[in-house]
file query.pdb (PDB, C-alpha atoms, pLDDT in the B column)
ATOM      1  CA  MET A 109     -10.922 -17.166 -26.312  1.00 73.00           C
ATOM      2  CA  VAL A 110     -11.839 -15.552 -22.998  1.00 78.00           C
ATOM      3  CA  ARG A 111      -9.691 -12.785 -21.608  1.00 81.00           C
ATOM      4  CA  PHE A 112      -9.499 -12.368 -17.842  1.00 83.00           C
ATOM      5  CA  LYS A 113     -10.154  -8.791 -16.812  1.00 89.00           C
ATOM      6  CA  ASN A 114      -8.153  -7.557 -13.859  1.00 93.00           C
ATOM      7  CA  ARG A 115      -8.044  -4.387 -11.827  1.00 95.00           C
ATOM      8  CA  TYR A 116      -5.027  -2.987 -10.043  1.00 96.00           C
ATOM      9  CA  LEU A 117      -5.294  -1.160  -6.728  1.00 96.00           C
ATOM     10  CA  LEU A 118      -2.656   1.242  -5.478  1.00 96.00           C
ATOM     11  CA  VAL A 119      -2.894   1.164  -1.690  1.00 95.00           C
ATOM     12  CA  SER A 120      -1.069   3.236   0.892  1.00 93.00           C
ATOM     13  CA  LEU A 121      -0.670   1.671   4.336  1.00 91.00           C
ATOM     14  CA  ILE A 122      -0.709   4.457   6.923  1.00 89.00           C
ATOM     15  CA  PHE A 123       0.490   3.687  10.439  1.00 86.00           C
ATOM     16  CA  PRO A 124      -0.895   6.366  12.826  1.00 83.00           C
ATOM     17  CA  SER A 125       1.703   5.506  15.481  1.00 75.00           C
ATOM     18  CA  SER A 126       4.481   6.505  13.074  1.00 67.00           C
ATOM     19  CA  LEU A 127       2.977   9.921  12.273  1.00 64.00           C
ATOM     20  CA  PRO A 128       4.234  13.069  14.009  1.00 62.00           C
ATOM     21  CA  ASN A 129       2.305  13.969  17.157  1.00 57.00           C
ATOM     22  CA  SER A 130       0.520  16.853  15.451  1.00 47.00           C
ATOM     23  CA  LEU A 131      -1.174  14.371  13.129  1.00 50.00           C
ATOM     24  CA  ALA A 132      -1.604  11.392  15.442  1.00 47.00           C
ATOM     25  CA  ARG A 133      -4.596  10.874  17.699  1.00 51.00           C
ATOM     26  CA  ASP A 134      -2.652  10.972  20.968  1.00 51.00           C
ATOM     27  CA  ASN A 135      -1.555  14.587  21.199  1.00 49.00           C
ATOM     28  CA  ASP A 136      -0.882  14.307  24.944  1.00 49.00           C
ATOM     29  CA  ASP A 137       2.479  12.587  24.537  1.00 50.00           C
ATOM     30  CA  ASP A 138       5.568  14.426  23.376  1.00 48.00           C
ATOM     31  CA  GLN A 139       7.251  11.240  22.221  1.00 49.00           C
ATOM     32  CA  GLU A 140       9.000  10.700  18.931  1.00 49.00           C
ATOM     33  CA  PRO A 141       6.920   8.788  16.404  1.00 51.00           C
ATOM     34  CA  SER A 142       7.700   5.070  16.381  1.00 56.00           C
ATOM     35  CA  ALA A 143       9.054   3.355  13.303  1.00 62.00           C
ATOM     36  CA  PRO A 144       6.384   1.589  11.259  1.00 65.00           C
ATOM     37  CA  PRO A 145       6.622  -2.196  11.251  1.00 72.00           C
ATOM     38  CA  SER A 146       8.159  -4.062   8.371  1.00 78.00           C
ATOM     39  CA  VAL A 147       5.474  -5.682   6.257  1.00 81.00           C
ATOM     40  CA  SER A 148       6.059  -8.684   4.018  1.00 85.00           C
ATOM     41  CA  GLU A 149       4.008  -9.785   1.015  1.00 89.00           C
ATOM     42  CA  GLY A 150       3.187 -13.133   2.573  1.00 89.00           C
ATOM     43  CA  GLY A 151       2.095 -11.552   5.834  1.00 88.00           C
ATOM     44  CA  LEU A 152      -0.099  -9.022   4.056  1.00 90.00           C
ATOM     45  CA  ILE A 153      -1.729 -11.709   1.885  1.00 91.00           C
ATOM     46  CA  HIS A 154      -2.432 -13.760   5.009  1.00 90.00           C
ATOM     47  CA  LEU A 155      -3.993 -10.738   6.748  1.00 90.00           C
ATOM     48  CA  LEU A 156      -6.143  -9.899   3.717  1.00 91.00           C
ATOM     49  CA  ARG A 157      -7.398 -13.487   3.446  1.00 91.00           C
ATOM     50  CA  GLU A 158      -8.156 -13.450   7.171  1.00 91.00           C
ATOM     51  CA  SER A 159     -10.020 -10.144   6.788  1.00 90.00           C
ATOM     52  CA  LEU A 160     -12.015 -11.601   3.892  1.00 91.00           C
ATOM     53  CA  SER A 161     -12.925 -14.629   5.983  1.00 92.00           C
ATOM     54  CA  VAL A 162     -13.961 -12.611   9.034  1.00 91.00           C
ATOM     55  CA  ASN A 163     -15.958  -9.978   7.154  1.00 91.00           C
ATOM     56  CA  PHE A 164     -17.431 -11.983   4.271  1.00 90.00           C
ATOM     57  CA  GLY A 165     -17.432 -15.525   5.622  1.00 91.00           C
ATOM     58  CA  ASP A 166     -16.196 -18.649   3.915  1.00 88.00           C
ATOM     59  CA  VAL A 167     -17.988 -17.838   0.665  1.00 87.00           C
ATOM     60  CA  GLY A 168     -16.343 -14.412   0.339  1.00 84.00           C
ATOM     61  CA  ALA A 169     -12.940 -15.788   1.292  1.00 87.00           C
ATOM     62  CA  GLY A 170     -13.328 -18.638  -1.184  1.00 87.00           C
ATOM     63  CA  GLU A 171     -14.421 -16.417  -4.060  1.00 87.00           C
ATOM     64  CA  VAL A 172     -11.768 -13.725  -3.668  1.00 87.00           C
ATOM     65  CA  GLY A 173      -9.038 -15.580  -1.785  1.00 76.00           C
ATOM     66  CA  GLY A 174      -7.350 -17.055  -4.839  1.00 81.00           C
ATOM     67  CA  GLN A 175      -8.170 -14.196  -7.189  1.00 83.00           C
ATOM     68  CA  PHE A 176      -5.722 -11.546  -5.978  1.00 90.00           C
ATOM     69  CA  SER A 177      -1.969 -11.123  -5.750  1.00 92.00           C
ATOM     70  CA  ILE A 178       0.428  -8.487  -4.517  1.00 93.00           C
ATOM     71  CA  LYS A 179       2.502  -7.196  -7.410  1.00 93.00           C
ATOM     72  CA  TYR A 180       4.573  -4.613  -5.513  1.00 93.00           C
ATOM     73  CA  LEU A 181       5.250  -3.741  -1.896  1.00 91.00           C
ATOM     74  CA  SER A 182       7.532  -0.908  -0.864  1.00 88.00           C
ATOM     75  CA  PRO A 183       8.875  -1.335   2.664  1.00 83.00           C
ATOM     76  CA  ALA A 184      10.058   2.293   2.728  1.00 82.00           C
ATOM     77  CA  THR A 185       6.899   4.102   1.610  1.00 85.00           C
ATOM     78  CA  HIS A 186       4.357   1.328   2.360  1.00 88.00           C
ATOM     79  CA  LEU A 187       2.809   1.490  -1.106  1.00 92.00           C
ATOM     80  CA  VAL A 188       1.194  -1.722  -2.313  1.00 94.00           C
ATOM     81  CA  ILE A 189      -0.035  -2.696  -5.785  1.00 95.00           C
ATOM     82  CA  ILE A 190      -2.640  -5.464  -5.720  1.00 95.00           C
ATOM     83  CA  ARG A 191      -4.052  -7.257  -8.754  1.00 95.00           C
ATOM     84  CA  VAL A 192      -7.592  -8.601  -8.404  1.00 94.00           C
ATOM     85  CA  SER A 193     -10.217  -9.886 -10.821  1.00 93.00           C
ATOM     86  CA  ARG A 194     -12.704  -7.246 -11.906  1.00 92.00           C
ATOM     87  CA  GLU A 195     -15.659  -9.059 -10.349  1.00 92.00           C
ATOM     88  CA  HIS A 196     -14.096  -9.118  -6.885  1.00 92.00           C
ATOM     89  CA  LEU A 197     -12.672  -5.587  -6.766  1.00 93.00           C
ATOM     90  CA  ARG A 198     -15.275  -4.153  -4.369  1.00 94.00           C
ATOM     91  CA  THR A 199     -15.059  -7.098  -1.982  1.00 93.00           C
ATOM     92  CA  LEU A 200     -11.273  -6.849  -1.709  1.00 93.00           C
ATOM     93  CA  TRP A 201     -11.473  -3.062  -1.372  1.00 94.00           C
ATOM     94  CA  ALA A 202     -13.950  -3.482   1.496  1.00 93.00           C
ATOM     95  CA  SER A 203     -11.713  -6.005   3.258  1.00 92.00           C
ATOM     96  CA  LEU A 204      -8.785  -3.574   2.889  1.00 92.00           C
ATOM     97  CA  THR A 205     -10.890  -0.832   4.434  1.00 92.00           C
ATOM     98  CA  LEU A 206     -11.858  -3.090   7.333  1.00 91.00           C
ATOM     99  CA  LEU A 207      -8.238  -4.115   7.985  1.00 89.00           C
ATOM    100  CA  ARG A 208      -7.196  -2.604  11.324  1.00 88.00           C
ATOM    101  CA  ARG A 209      -3.912  -4.188  12.449  1.00 85.00           C
ATOM    102  CA  VAL A 210      -0.718  -5.247  10.700  1.00 82.00           C
ATOM    103  CA  ALA A 211       2.078  -6.840  12.724  1.00 78.00           C
ATOM    104  CA  GLY A 212       0.429  -5.674  15.954  1.00 80.00           C
ATOM    105  CA  HIS A 213       0.319  -2.029  14.857  1.00 82.00           C
ATOM    106  CA  GLU A 214      -2.769  -0.024  14.018  1.00 88.00           C
ATOM    107  CA  VAL A 215      -3.057   0.604  10.266  1.00 89.00           C
ATOM    108  CA  VAL A 216      -5.266   2.500   7.840  1.00 91.00           C
ATOM    109  CA  ALA A 217      -5.329   1.171   4.282  1.00 91.00           C
ATOM    110  CA  ARG A 218      -6.103   3.957   1.820  1.00 93.00           C
ATOM    111  CA  VAL A 219      -6.824   3.099  -1.817  1.00 95.00           C
ATOM    112  CA  LEU A 220      -5.144   5.833  -3.868  1.00 95.00           C
ATOM    113  CA  HIS A 221      -5.871   4.657  -7.405  1.00 96.00           C
ATOM    114  CA  VAL A 222      -7.708   1.899  -9.282  1.00 96.00           C
ATOM    115  CA  SER A 223      -6.779   1.023 -12.848  1.00 95.00           C
ATOM    116  CA  GLY A 224      -7.428  -1.611 -15.456  1.00 93.00           C
ATOM    117  CA  THR A 225      -3.858  -1.581 -16.787  1.00 92.00           C
ATOM    118  CA  ILE A 226      -0.530  -2.140 -15.095  1.00 92.00           C
ATOM    119  CA  ARG A 227       1.026   0.794 -16.968  1.00 94.00           C
ATOM    120  CA  LYS A 228      -1.351   3.410 -15.536  1.00 95.00           C
ATOM    121  CA  ILE A 229      -0.998   2.068 -12.012  1.00 95.00           C
ATOM    122  CA  GLN A 230       2.804   2.180 -12.394  1.00 94.00           C
ATOM    123  CA  HIS A 231       2.701   5.865 -13.327  1.00 94.00           C
ATOM    124  CA  SER A 232       0.419   6.637 -10.407  1.00 95.00           C
ATOM    125  CA  ALA A 233       2.622   4.602  -8.030  1.00 93.00           C
ATOM    126  CA  ILE A 234       5.738   6.476  -9.171  1.00 94.00           C
ATOM    127  CA  ALA A 235       4.030   9.825  -8.563  1.00 94.00           C
ATOM    128  CA  HIS A 236       2.848   8.839  -5.073  1.00 93.00           C
ATOM    129  CA  ASP A 237       6.198   7.240  -4.257  1.00 91.00           C
ATOM    130  CA  ARG A 238       8.052  10.387  -5.316  1.00 91.00           C
ATOM    131  CA  ALA A 239       5.809  12.544  -3.120  1.00 91.00           C
ATOM    132  CA  ALA A 240       6.268  10.218  -0.118  1.00 87.00           C
ATOM    133  CA  VAL A 241      10.067  10.064  -0.451  1.00 87.00           C
ATOM    134  CA  LEU A 242      10.373  13.839  -0.838  1.00 89.00           C
ATOM    135  CA  ALA A 243       8.075  14.463   2.149  1.00 86.00           C
ATOM    136  CA  LYS A 244      10.087  12.031   4.254  1.00 83.00           C
ATOM    137  CA  ALA A 245      13.329  13.765   3.217  1.00 84.00           C
ATOM    138  CA  ARG A 246      11.886  17.199   4.092  1.00 85.00           C
ATOM    139  CA  SER A 247      10.701  16.048   7.519  1.00 79.00           C
ATOM    140  CA  SER A 248      14.032  14.416   8.351  1.00 76.00           C
ATOM    141  CA  LYS A 249      15.819  17.586   7.229  1.00 78.00           C
ATOM    142  CA  LYS A 250      13.606  19.683   9.533  1.00 77.00           C
ATOM    143  CA  ARG A 251      14.419  17.421  12.475  1.00 71.00           C
ATOM    144  CA  GLY A 252      18.129  17.704  11.702  1.00 70.00           C
ATOM    145  CA  ALA A 253      18.594  13.990  11.085  1.00 62.00           C
ATOM    146  CA  LYS A 254      21.572  12.781   9.121  1.00 61.00           C
ATOM    147  CA  GLU A 255      20.881  11.996   5.505  1.00 60.00           C
ATOM    148  CA  VAL A 256      21.229   8.238   5.075  1.00 58.00           C
ATOM    149  CA  GLY A 257      21.156   8.111   1.293  1.00 65.00           C
ATOM    150  CA  SER A 258      20.633  10.330  -1.649  1.00 81.00           C
ATOM    151  CA  VAL A 259      17.009  11.122  -2.388  1.00 83.00           C
ATOM    152  CA  ASP A 260      17.707  10.904  -6.120  1.00 85.00           C
ATOM    153  CA  GLU A 261      19.150   7.405  -5.747  1.00 87.00           C
ATOM    154  CA  THR A 262      16.141   6.286  -3.714  1.00 86.00           C
ATOM    155  CA  LEU A 263      13.703   7.727  -6.254  1.00 88.00           C
ATOM    156  CA  LYS A 264      15.545   6.088  -9.156  1.00 89.00           C
ATOM    157  CA  ALA A 265      15.690   2.690  -7.420  1.00 89.00           C
ATOM    158  CA  ASN A 266      11.986   2.807  -6.527  1.00 88.00           C
ATOM    159  CA  GLU A 267      11.020   3.858 -10.054  1.00 90.00           C
ATOM    160  CA  GLU A 268      13.038   0.997 -11.568  1.00 90.00           C
ATOM    161  CA  ALA A 269      11.410  -1.491  -9.178  1.00 90.00           C
ATOM    162  CA  ILE A 270       7.912  -0.261 -10.059  1.00 90.00           C
ATOM    163  CA  MET A 271       8.542  -0.229 -13.816  1.00 90.00           C
ATOM    164  CA  ALA A 272       9.921  -3.791 -13.658  1.00 90.00           C
ATOM    165  CA  LEU A 273       6.439  -5.106 -12.844  1.00 85.00           C
ATOM    166  CA  GLU A 274       4.706  -7.302 -15.360  1.00 79.00           C
ATOM    167  CA  ALA A 275       1.047  -8.156 -15.601  1.00 60.00           C
TER     168      ALA A 275
END
call {"tool": "encode", "arguments": {"input": "query.pdb", "output": "structure tokens"}}
result
Amino acid sequence: MVRFKNRYLLVSLIFPSSLPNSLARDNDDDQEPSAPPSVSEGGLIHLLRESLSVNFGDVGAGEVGGQFSIKYLSPATHLVIIRVSREHLRTLWASLTLLRRVAGHEVVARVLHVSGTIRKIQHSAIAHDRAAVLAKARSSKKRGAKEVGSVDETLKANEEAIMALEA
């Protein structure tokens, strides 16, 4: 019996327009950072397949197009877990790197972790998610914004959603 070998990528989608002005490219404006767009799984899959087609042609899109799936997408922290066959890992990673726009907004896709098991990628995703939620809570506290929800509740809900993933 043949076992299919998969790899899991933990990807962070960074929207430069939603970063504070000290980190964004346009330091001339003193505007508040804009809210990042909402990203759906279907929209992201469509954009990745389009990126594969543009950058690797029909052959690359045909080889990898049906061999990956999005296992987790966090709309709050923009963390994504993608499962791809081991043979096509580098091609998908390259198409992620070459992805420039999502929902009309500039984006940088940063691969944070690659793993062969879902369990290890879950632990890494929880750690990155925790850091992102705590950083977001600290920055909103500095700006004096009202606290919408408890940070502990958000962390617990995100951890449960990540741990509910199955291969």
call {"tool": "closest_residue", "arguments": {"input": "query.pdb", "among": "A:Ser203, A:Ser248, A:Ser182, A:Ser148", "to": "A:Leu160", "atoms": "all atoms listed in the file"}}
result
A:Ser203
call {"tool": "residues_near_point", "arguments": {"input": "query.pdb", "point": "(7.4, -5.8, -15.1)", "cutoff": "12 Å", "atoms": "all atoms listed in the file", "output": "PDB file with C-alpha atoms, in the coordinates of the input"}}
result
ATOM      1  CA  LYS A 179       2.502  -7.196  -7.410  1.00 93.00           C
ATOM      2  CA  TYR A 180       4.573  -4.613  -5.513  1.00 93.00           C
ATOM      3  CA  ILE A 226      -0.530  -2.140 -15.095  1.00 92.00           C
ATOM      4  CA  ARG A 227       1.026   0.794 -16.968  1.00 94.00           C
ATOM      5  CA  ILE A 229      -0.998   2.068 -12.012  1.00 95.00           C
ATOM      6  CA  GLN A 230       2.804   2.180 -12.394  1.00 94.00           C
ATOM      7  CA  GLU A 267      11.020   3.858 -10.054  1.00 90.00           C
ATOM      8  CA  GLU A 268      13.038   0.997 -11.568  1.00 90.00           C
ATOM      9  CA  ALA A 269      11.410  -1.491  -9.178  1.00 90.00           C
ATOM     10  CA  ILE A 270       7.912  -0.261 -10.059  1.00 90.00           C
ATOM     11  CA  MET A 271       8.542  -0.229 -13.816  1.00 90.00           C
ATOM     12  CA  ALA A 272       9.921  -3.791 -13.658  1.00 90.00           C
ATOM     13  CA  LEU A 273       6.439  -5.106 -12.844  1.00 85.00           C
ATOM     14  CA  GLU A 274       4.706  -7.302 -15.360  1.00 79.00           C
ATOM     15  CA  ALA A 275       1.047  -8.156 -15.601  1.00 60.00           C
TER      16      ALA A 275
END
call {"tool": "resolve_selection", "arguments": {"input": "query.pdb", "expression": "the PyMOL selection byres ((chain A and resi 149-152) around 9)", "output": "PyMOL selection string"}}
result
chain A and resi 147-148+153-157+178-181+210-211
call {"tool": "closest_residue", "arguments": {"input": "query.pdb", "among": "A:Ser223, A:Ser161, A:Ser125, A:Asn114", "to": "A:Phe176", "atoms": "all atoms listed in the file"}}
result
A:Asn114
call {"tool": "closest_residue", "arguments": {"input": "query.pdb", "among": "A:Val192, A:Leu187, A:Leu242, A:Leu263", "to": "A:Tyr116", "atoms": "all atoms listed in the file"}}
result
A:Val192
call {"tool": "atom_distance", "arguments": {"input": "query.pdb", "atom1": "atom CA of A:Arg194", "atom2": "atom CA of A:Gly224"}}
result
8.5 Å
call {"tool": "closest_residue", "arguments": {"input": "query.pdb", "among": "A:Val162, A:Gln175, A:Ala245, A:Ile189", "to": "A:Ser258", "atoms": "all atoms listed in the file"}}
result
A:Ala245
call {"tool": "atom_distance", "arguments": {"input": "query.pdb", "atom1": "atom CA of A:Val222", "atom2": "atom CA of A:Ile234"}}
result
14.2 Å
